[in-house]
file data03.txt (compact mmCIF, C-alpha atoms and all ligand atoms)
# COMPACT_ATOMS: atom_id res chain seq x y z
CA MET A 14 -2.82 -40.58 -8.29
CA ASN A 15 -1.34 -37.14 -7.38
CA LYS A 16 -1.82 -35.63 -10.82
CA GLY A 17 -3.13 -32.16 -11.55
CA ILE A 18 -3.62 -30.64 -14.93
CA ILE A 19 -2.86 -27.11 -16.10
CA LYS A 20 -4.18 -25.66 -19.35
CA ARG A 21 -3.28 -22.26 -20.70
CA ALA A 22 -5.10 -20.24 -23.31
CA ILE A 23 -4.84 -16.84 -24.94
CA SER A 24 -7.36 -14.73 -26.80
CA THR A 25 -6.77 -14.55 -30.55
CA ASP A 26 -5.70 -10.89 -30.27
CA GLY A 27 -3.19 -11.82 -27.56
CA SER A 28 -4.62 -9.50 -24.90
CA ILE A 29 -6.28 -11.98 -22.50
CA ARG A 30 -4.46 -14.88 -20.88
CA LEU A 31 -6.18 -17.65 -18.95
CA ILE A 32 -4.47 -20.33 -16.88
CA ILE A 33 -6.71 -22.96 -15.38
CA THR A 34 -6.08 -26.02 -13.25
CA ASP A 35 -7.93 -29.00 -11.89
CA SER A 36 -5.88 -29.57 -8.72
CA THR A 37 -8.18 -32.14 -7.07
CA GLU A 38 -5.69 -35.02 -6.92
CA VAL A 39 -2.81 -32.78 -5.81
CA VAL A 40 -4.85 -31.35 -2.94
CA LYS A 41 -5.94 -34.88 -1.98
CA GLU A 42 -2.25 -35.80 -1.73
CA SER A 43 -1.68 -32.76 0.51
CA CYS A 44 -4.57 -33.97 2.75
CA ARG A 45 -2.95 -37.41 3.02
CA ILE A 46 0.48 -35.97 3.87
CA HIS A 47 -0.63 -33.32 6.35
CA ASN A 48 -3.82 -34.83 7.72
CA THR A 49 -5.44 -31.39 7.51
CA SER A 50 -8.60 -30.28 9.29
CA LYS A 51 -11.57 -29.26 7.08
CA THR A 52 -10.68 -25.58 7.20
CA MET A 53 -7.01 -26.28 6.55
CA THR A 54 -7.78 -28.59 3.62
CA ALA A 55 -9.37 -25.50 2.06
CA VAL A 56 -6.59 -23.08 3.13
CA LEU A 57 -3.72 -25.24 1.91
CA GLY A 58 -5.69 -26.45 -1.12
CA ARG A 59 -6.33 -22.90 -2.32
CA ALA A 60 -2.74 -21.81 -1.62
CA LEU A 61 -1.29 -24.82 -3.47
CA THR A 62 -3.63 -24.27 -6.42
CA ALA A 63 -2.65 -20.59 -6.65
CA THR A 64 1.04 -21.48 -6.42
CA SER A 65 0.77 -24.00 -9.28
CA LEU A 66 -0.96 -21.44 -11.49
CA MET A 67 1.51 -18.67 -10.69
CA SER A 68 4.65 -20.79 -10.88
CA SER A 69 3.61 -22.18 -14.26
CA LEU A 70 4.33 -18.65 -15.55
CA LEU A 71 8.02 -18.93 -14.59
CA LYS A 72 10.46 -18.98 -17.49
CA ASP A 73 13.11 -21.57 -16.66
CA LYS A 74 13.29 -25.18 -15.51
CA THR A 75 15.26 -24.22 -12.40
CA ASP A 76 13.13 -21.18 -11.40
CA THR A 77 10.98 -21.46 -8.29
CA LEU A 78 8.12 -19.40 -6.91
CA THR A 79 7.36 -19.25 -3.20
CA LEU A 80 4.01 -18.00 -1.94
CA GLN A 81 3.92 -17.01 1.71
CA LEU A 82 0.81 -15.89 3.52
CA ARG A 83 1.99 -14.30 6.73
CA GLY A 84 -1.26 -13.52 8.48
CA ASN A 85 -2.21 -13.13 12.15
CA GLY A 86 -4.84 -15.87 12.00
CA PRO A 87 -4.68 -19.16 13.95
CA CYS A 88 -3.13 -21.18 11.10
CA GLY A 89 0.05 -19.09 11.25
CA SER A 90 2.12 -18.75 8.09
CA VAL A 91 1.25 -20.71 4.97
CA ILE A 92 4.19 -21.50 2.69
CA CYS A 93 3.97 -23.09 -0.77
CA VAL A 94 6.69 -23.57 -3.36
CA GLY A 95 6.17 -24.29 -7.05
CA ASP A 96 8.28 -24.85 -10.14
CA TYR A 97 7.74 -23.86 -13.78
CA MET A 98 5.80 -27.08 -14.46
CA GLY A 99 3.36 -26.23 -11.65
CA ASN A 100 4.71 -28.93 -9.31
CA VAL A 101 4.01 -27.82 -5.75
CA ARG A 102 4.58 -28.52 -2.09
CA GLY A 103 3.36 -26.62 0.94
CA TYR A 104 2.52 -26.48 4.63
CA ALA A 105 1.09 -24.20 7.29
CA ASP A 106 2.31 -23.67 10.86
CA ASN A 107 -0.88 -25.20 12.23
CA MET A 108 -2.58 -27.82 10.12
CA ASN A 109 -5.36 -28.58 12.65
CA VAL A 110 -7.17 -25.23 12.85
CA GLU A 111 -10.92 -25.71 12.72
CA LEU A 112 -13.25 -22.70 12.74
CA PRO A 113 -17.04 -22.38 12.60
CA PRO A 114 -18.39 -21.58 9.12
CA ASN A 115 -18.19 -17.92 8.09
CA SER A 116 -21.23 -15.63 7.61
CA LYS A 117 -21.84 -17.19 4.17
CA GLY A 118 -21.86 -20.70 5.65
CA LYS A 119 -18.50 -21.53 4.02
CA LEU A 120 -15.24 -22.84 5.45
CA ASP A 121 -13.62 -19.83 7.10
CA VAL A 122 -10.37 -19.62 5.13
CA GLY A 123 -10.07 -15.86 5.74
CA GLY A 124 -10.52 -16.36 9.50
CA ALA A 125 -7.78 -19.01 9.60
CA VAL A 126 -5.31 -16.88 7.62
CA GLY A 127 -6.11 -13.50 9.23
CA ARG A 128 -4.55 -10.21 8.09
CA GLY A 129 -0.95 -9.45 7.28
CA ASN A 130 1.09 -9.68 4.11
CA LEU A 131 1.34 -11.89 1.06
CA TYR A 132 4.90 -12.46 -0.19
CA ILE A 133 5.69 -13.77 -3.65
CA ILE A 134 9.33 -14.74 -4.05
CA LYS A 135 10.67 -15.68 -7.47
CA ASP A 136 14.08 -17.30 -7.44
CA MET A 137 15.73 -17.43 -10.85
CA GLY A 138 18.82 -19.22 -9.52
CA PHE A 139 21.14 -16.21 -9.78
CA GLY A 140 21.37 -12.82 -8.06
CA GLU A 141 18.89 -11.69 -5.46
CA PRO A 142 15.44 -13.30 -5.75
CA TYR A 143 12.51 -11.05 -6.72
CA VAL A 144 10.26 -10.35 -3.73
CA GLY A 145 6.78 -8.86 -4.18
CA ILE A 146 4.72 -7.90 -1.14
CA SER A 147 1.07 -6.95 -0.93
CA PRO A 148 -1.39 -6.73 1.97
CA ILE A 149 -3.72 -9.63 2.67
CA ILE A 150 -7.13 -8.15 1.79
CA THR A 151 -9.53 -10.90 2.91
CA GLY A 152 -7.34 -13.95 3.62
CA GLU A 153 -9.58 -15.88 1.23
CA ILE A 154 -6.46 -16.11 -0.97
CA ALA A 155 -8.00 -15.54 -4.45
CA GLU A 156 -8.69 -11.84 -3.71
CA ASP A 157 -5.22 -11.56 -2.21
CA ILE A 158 -3.63 -12.90 -5.40
CA THR A 159 -5.67 -10.40 -7.46
CA GLU A 160 -4.39 -7.61 -5.21
CA TYR A 161 -0.81 -8.84 -5.54
CA TYR A 162 -0.95 -8.76 -9.35
CA ALA A 163 -2.55 -5.29 -9.30
CA THR A 164 -0.07 -3.70 -6.90
CA SER A 165 3.17 -5.60 -7.53
CA GLU A 166 2.97 -6.50 -11.21
CA GLN A 167 0.44 -3.90 -12.47
CA THR A 168 -1.50 -6.66 -14.25
CA PRO A 169 -5.32 -6.61 -14.03
CA THR A 170 -6.17 -10.14 -12.86
CA VAL A 171 -9.19 -12.20 -11.92
CA CYS A 172 -8.26 -15.10 -9.65
CA SER A 173 -10.70 -17.76 -8.55
CA LEU A 174 -9.83 -20.67 -6.28
CA GLY A 175 -12.07 -23.28 -4.74
CA VAL A 176 -11.82 -26.46 -2.69
CA MET A 177 -14.73 -28.71 -1.72
CA VAL A 178 -14.20 -30.81 1.41
CA ASP A 179 -16.11 -33.88 2.62
CA LYS A 180 -17.00 -34.76 6.22
CA ASN A 181 -13.73 -36.68 6.62
CA ASN A 182 -11.76 -33.48 5.88
CA MET A 183 -10.75 -34.89 2.49
CA CYS A 184 -10.79 -32.76 -0.65
CA ILE A 185 -13.54 -33.78 -3.10
CA SER A 186 -12.73 -31.29 -5.80
CA SER A 187 -10.32 -28.43 -6.18
CA GLY A 188 -9.27 -26.04 -8.88
CA GLY A 189 -8.79 -22.49 -9.93
CA TYR A 190 -7.90 -20.04 -12.62
CA ILE A 191 -6.00 -16.84 -13.21
CA LEU A 192 -7.30 -14.60 -15.99
CA GLN A 193 -5.12 -11.63 -16.93
CA LEU A 194 -5.44 -8.63 -19.19
CA LEU A 195 -2.18 -8.05 -21.01
CA PRO A 196 -0.80 -4.75 -22.35
CA GLY A 197 -2.88 -3.42 -25.24
CA TYR A 198 -6.21 -4.89 -24.05
CA ASP A 199 -9.42 -3.18 -25.15
CA GLU A 200 -11.29 -1.49 -22.24
CA ALA A 201 -14.53 -2.94 -23.62
CA VAL A 202 -13.49 -6.50 -22.69
CA ILE A 203 -13.56 -5.66 -18.98
CA ASP A 204 -17.38 -5.72 -18.85
CA ILE A 205 -17.56 -8.88 -20.97
CA ILE A 206 -15.06 -10.71 -18.74
CA GLU A 207 -16.81 -9.53 -15.61
CA GLU A 208 -20.13 -10.83 -16.88
CA ASN A 209 -18.58 -14.18 -17.89
CA VAL A 210 -16.86 -14.58 -14.51
CA ASN A 211 -20.17 -13.97 -12.73
CA LYS A 212 -21.92 -16.42 -15.03
CA ALA A 213 -19.28 -19.07 -14.30
CA GLY A 214 -19.76 -18.79 -10.52
CA PRO A 215 -17.55 -20.49 -7.90
CA VAL A 216 -14.86 -22.59 -9.54
CA SER A 217 -15.01 -25.43 -6.98
CA LYS A 218 -18.68 -25.93 -7.85
CA LEU A 219 -17.88 -26.03 -11.56
CA PHE A 220 -15.31 -28.78 -11.05
CA ASN A 221 -17.52 -30.59 -8.57
CA ASP A 222 -20.37 -30.54 -11.09
CA GLY A 223 -18.03 -32.34 -13.48
CA HIS A 224 -17.11 -29.48 -15.81
CA THR A 225 -13.79 -29.89 -17.62
CA CYS A 226 -11.13 -27.18 -17.86
CA GLU A 227 -12.17 -26.63 -21.51
CA GLU A 228 -15.82 -26.12 -20.59
CA ILE A 229 -14.87 -23.56 -17.94
CA MET A 230 -12.59 -21.79 -20.44
CA ASP A 231 -15.53 -21.59 -22.85
CA ILE A 232 -17.68 -19.93 -20.20
CA LEU A 233 -14.95 -17.45 -19.21
CA PHE A 234 -14.05 -16.40 -22.74
CA GLY A 235 -17.69 -16.47 -23.91
CA SER A 236 -17.89 -14.67 -27.25
CA ILE A 237 -14.15 -13.84 -27.23
CA LYS A 238 -12.13 -16.03 -29.62
CA TYR A 239 -9.21 -17.90 -28.02
CA GLU A 240 -6.94 -20.88 -28.35
CA ILE A 241 -5.34 -23.28 -25.86
CA PHE A 242 -1.58 -22.97 -26.32
CA ASP A 243 -0.37 -25.62 -23.91
CA GLU A 244 -1.33 -28.11 -21.26
CA PHE A 245 0.64 -30.27 -18.87
CA ASP A 246 0.42 -32.49 -15.80
CA TYR A 247 1.96 -31.73 -12.43
CA GLY A 248 1.98 -33.16 -8.95
CA TYR A 249 2.54 -32.60 -5.27
CA LYS A 250 6.31 -32.99 -5.31
CA CYS A 251 8.88 -32.47 -2.60
CA THR A 252 12.54 -31.84 -3.37
CA CYS A 253 13.97 -32.78 0.03
CA ASN A 254 16.87 -35.20 0.37
CA HIS A 255 19.48 -36.32 2.88
CA GLU A 256 22.19 -33.99 1.57
CA LYS A 257 19.99 -30.87 1.82
CA TYR A 258 19.62 -31.41 5.57
CA LEU A 259 23.29 -32.27 5.92
CA LYS A 260 24.21 -29.03 4.16
CA ALA A 261 21.74 -26.92 6.21
CA LEU A 262 23.11 -28.29 9.49
CA ALA A 263 26.73 -27.94 8.38
CA SER A 264 26.03 -24.29 7.46
CA LEU A 265 25.09 -23.38 11.05
CA ASN A 266 27.44 -20.90 12.72
CA ASP A 267 30.33 -22.38 14.70
CA LYS A 268 28.71 -21.89 18.10
CA ASP A 269 25.40 -23.58 17.13
CA PHE A 270 27.26 -26.32 15.29
CA GLU A 271 29.39 -27.07 18.37
CA ASP A 272 26.28 -27.23 20.57
CA LEU A 273 24.76 -29.69 18.12
CA ILE A 274 27.82 -31.94 18.19
CA ASN A 275 28.19 -31.66 21.98
CA GLY A 276 24.61 -32.89 22.26
CA GLY A 277 26.15 -36.28 21.39
CA LYS A 278 23.05 -37.65 19.69
CA ASN A 279 22.23 -38.30 16.05
CA ILE A 280 19.96 -35.61 14.67
CA GLU A 281 16.45 -36.49 13.64
CA THR A 282 14.54 -34.13 11.43
CA VAL A 283 11.23 -34.19 9.56
CA CYS A 284 10.51 -32.43 6.27
CA ASN A 285 7.75 -29.83 6.77
CA PHE A 286 6.55 -30.25 3.19
CA CYS A 287 6.24 -34.04 2.89
CA GLY A 288 6.69 -35.50 6.37
CA LYS A 289 9.70 -37.61 5.40
CA LYS A 290 12.04 -38.39 8.32
CA TYR A 291 15.82 -38.03 8.12
CA GLU A 292 18.45 -39.19 10.58
CA ILE A 293 21.84 -37.53 10.39
CA GLU A 294 24.80 -39.19 12.13
CA LEU A 295 27.20 -36.86 13.92
CA ASN A 296 30.30 -38.38 12.32
CA GLU A 297 28.83 -37.88 8.87
CA LEU A 298 27.94 -34.28 9.72
CA ILE A 299 31.44 -33.51 11.04
CA SER A 300 33.17 -34.88 7.95
CA TYR A 301 30.67 -33.10 5.65
CA LYS A 302 31.42 -29.80 7.37
CA SER A 303 35.18 -30.25 7.07
CA SER A 304 34.86 -31.11 3.36
CA MET A 305 32.72 -27.99 2.92
CA LYS A 306 35.45 -25.90 4.61
CA LYS A 307 38.13 -27.42 2.37
CA ASN A 308 36.13 -26.54 -0.74
CA THR A 309 35.62 -22.94 0.39
CA THR A 310 39.32 -22.54 1.13
CA ALA A 311 40.19 -23.92 -2.28
CA GLU A 312 37.81 -21.45 -3.92
CA GLU A 313 39.18 -18.52 -1.94
CA SER A 314 42.78 -19.32 -2.86
CA ASN A 315 41.96 -19.47 -6.54
ZN ZN B 401 10.13 -33.33 1.76
call {"tool": "encode", "arguments": {"input": "data03.txt", "output": "structure tokens"}}
result
Amino acid sequence: MNKGIIKRAISTDGSIRLIITDSTEVVKESCRIHNTSKTMTAVLGRALTATSLMSSLLKDKTDTLTLQLRGNGPCGSVICVGDYMGNVRGYADNMNVELPPNSKGKLDVGGAVGRGNLYIIKDMGFGEPYVGISPIITGEIAEDITEYYATSEQTPTVCSLGVMVDKNNMCISSGGYILQLLPGYDEAVIDIIEENVNKAGPVSKLFNDGHTCEEIMDILFGSIKYEIFDEFDYGYKCTCNHEKYLKALASLNDKDFEDLINGGKNIETVCNFCGKKYEIELNELISYKSSMKKNTTAEESN
């Protein structure tokens, strides 16, 4: 089915924003594509869920948000990319990492990710992309997102992410939310929100128990008046195509490009995000490169 849902709400006074998603079907799709281990179903599931939530805050159709967890754990780097509709794709260097449960008896997401830095890259399609960096606090991802918003965007944030996994490594339920205090918030709401968040408990359990996004919103806002201002569907979506690979290969420096051509064999490549295979013929690559050169020369002479 590959369909997640995002709902966004704001308190009546405009000072508390809540974005919530049921990402179960999207994370299931990621399991099917990457054949993830139990631990990695949780790692990638949480990272994809966070990316959908964060990228849904982008302004324009063509904007993208990339979340990179560059930790020293056995799963290597985790990279997810989302667009302003929350559509996501992602992968990790090692999709087969399996660790014993952590001290709480849970899948050891933090152990797989390790310590290092979280990078949030927002590409608005012009100029240099915005890059925010914050340290990975626990590797459990939700806490790391909270830290990122506090240090890089100065926005007090509660992030909760959760993925339940069955014995076949498949996601059973997955979801998350980002709750943010916006400029002008009343200090008194901090205690109320904290209490409501504790009352709500782990978000994966809420979804697994069959709670809807609306029901979870009700728990989180509690006595605070709010309204849902939009909702939309999204999916696990890759943007790869034949020309992207052609362009990437043709953009290699002259030395590397020559080596590639001298290899004499068609180039086979696999998309990290979706597993799709591409075969590039050398003749096609050579003529693409020469057309690229012609275009650049034309631009330069203008
Ligand atoms: Zn792809």
call {"tool": "residues_near_point", "arguments": {"input": "data03.txt", "point": "(-7.0, -35.9, -5.6)", "cutoff": "10 Å", "atoms": "only C-alpha atoms", "output": "mmCIF file with C-alpha atoms, in the coordinates of the input"}}
result
data_model
loop_
_atom_site.group_PDB
_atom_site.id
_atom_site.type_symbol
_atom_site.label_atom_id
_atom_site.label_comp_id
_atom_site.auth_asym_id
_atom_site.auth_seq_id
_atom_site.Cartn_x
_atom_site.Cartn_y
_atom_site.Cartn_z
ATOM 1 C CA MET A 14 -2.820 -40.580 -8.290
ATOM 2 C CA ASN A 15 -1.340 -37.140 -7.380
ATOM 3 C CA LYS A 16 -1.820 -35.630 -10.820
ATOM 4 C CA GLY A 17 -3.130 -32.160 -11.550
ATOM 5 C CA ASP A 35 -7.930 -29.000 -11.890
ATOM 6 C CA SER A 36 -5.880 -29.570 -8.720
ATOM 7 C CA THR A 37 -8.180 -32.140 -7.070
ATOM 8 C CA GLU A 38 -5.690 -35.020 -6.920
ATOM 9 C CA VAL A 39 -2.810 -32.780 -5.810
ATOM 10 C CA VAL A 40 -4.850 -31.350 -2.940
ATOM 11 C CA LYS A 41 -5.940 -34.880 -1.980
ATOM 12 C CA GLU A 42 -2.250 -35.800 -1.730
ATOM 13 C CA SER A 43 -1.680 -32.760 0.510
ATOM 14 C CA CYS A 44 -4.570 -33.970 2.750
ATOM 15 C CA ARG A 45 -2.950 -37.410 3.020
ATOM 16 C CA MET A 183 -10.750 -34.890 2.490
ATOM 17 C CA CYS A 184 -10.790 -32.760 -0.650
ATOM 18 C CA ILE A 185 -13.540 -33.780 -3.100
ATOM 19 C CA SER A 186 -12.730 -31.290 -5.800
ATOM 20 C CA SER A 187 -10.320 -28.430 -6.180
ATOM 21 C CA GLY A 248 1.980 -33.160 -8.950
#
call {"tool": "closest_residue", "arguments": {"input": "data03.txt", "among": "A:Arg30, A:His47, A:Lys257, A:Arg102", "to": "Thr168 (chain A)", "atoms": "all atoms listed in the file"}}
result
A:Arg30
call {"tool": "closest_atom_pairs", "arguments": {"input": "data03.txt", "of": "region 135-246 of chain A", "to": "region 89-97 of chain A", "cutoff": "12 Å", "atoms": "only C-alpha atoms", "output": "Markdown table"}}
result
| residue | atom | partner | partner_atom | distance |
| --- | --- | --- | --- | --- |
| A:Lys135 | CA | A:Gly95 | CA | 9.7 |
| A:Asp136 | CA | A:Asp96 | CA | 9.9 |
| A:Met137 | CA | A:Asp96 | CA | 10.5 |
| A:Gly138 | CA | A:Asp96 | CA | 12.0 |
| A:Gly152 | CA | A:Val91 | CA | 11.0 |
| A:Ile154 | CA | A:Val91 | CA | 10.8 |
| A:Phe245 | CA | A:Tyr97 | CA | 10.8 |
| A:Asp246 | CA | A:Tyr97 | CA | 11.5 |
call {"tool": "residues_near_ligand", "arguments": {"input": "data03.txt", "ligand": "ligand ZN 401 (chain B)", "cutoff": "10 Å", "atoms": "all atoms listed in the file", "output": "VMD selection string"}}
result
chain A and resid 102 to 103 250 to 255 283 to 291
call {"tool": "residues_around", "arguments": {"input": "data03.txt", "residues": "Leu31 (chain A)", "least_positions_apart": "3", "cutoff": "9 Å", "atoms": "only C-alpha atoms", "output": "list in words"}}
result
Lys20, Arg21, Ala22, Ile23, Ser24, Tyr190, Ile191, Leu192, Gln193, Met230, Leu233, Phe234 and Ile241 of chain A
call {"tool": "closest_residue", "arguments": {"input": "data03.txt", "among": "A:Ala163, A:Leu61, A:Val56, A:Ala201", "to": "Leu112 (chain A)", "atoms": "all atoms listed in the file"}}
result
A:Val56
call {"tool": "residues_around", "arguments": {"input": "data03.txt", "residues": "Pro113 (chain A)", "least_positions_apart": "6", "cutoff": "10 Å", "atoms": "all atoms listed in the file", "output": "number ranges by chain"}}
result
A: 52, 119-121, 124
call {"tool": "atom_distance", "arguments": {"input": "data03.txt", "atom1": "CA of Lys278 (chain A)", "atom2": "CA of Leu298 (chain A)"}}
result
11.6 Å
call {"tool": "atom_distance", "arguments": {"input": "data03.txt", "atom1": "CA of Glu292 (chain A)", "atom2": "CA of Ala105 (chain A)"}}
result
23.2 Å
call {"tool": "closest_residue", "arguments": {"input": "data03.txt", "among": "A:Ile29, A:Val126, A:Ile232, A:Ile18", "to": "Val202 (chain A)", "atoms": "all atoms listed in the file"}}
result
A:Ile29
call {"tool": "closest_residue", "arguments": {"input": "data03.txt", "among": "A:Gly84, A:Gly189, A:Gly118, A:Gly223", "to": "Val171 (chain A)", "atoms": "all atoms listed in the file"}}
result
A:Gly189
call {"tool": "residues_around", "arguments": {"input": "data03.txt", "residues": "Ile293 (chain A)", "least_positions_apart": "6", "cutoff": "10 Å", "atoms": "all atoms listed in the file", "output": "ChimeraX atom specification"}}
result
/A:255-256,258-259,262,278-282
call {"tool": "closest_residue", "arguments": {"input": "data03.txt", "among": "A:Leu82, A:Ile33, A:Ile299, A:Ile203", "to": "Tyr161 (chain A)", "atoms": "only C-alpha atoms"}}
result
A:Leu82
call {"tool": "residues_around", "arguments": {"input": "data03.txt", "residues": "Asn182 (chain A)", "least_positions_apart": "4", "cutoff": "7 Å", "atoms": "all atoms listed in the file", "output": "ChimeraX atom specification"}}
result
/A:49-51,54,178
call {"tool": "atom_distance", "arguments": {"input": "data03.txt", "atom1": "CA of Thr25 (chain A)", "atom2": "CA of Tyr239 (chain A)"}}
result
4.9 Å
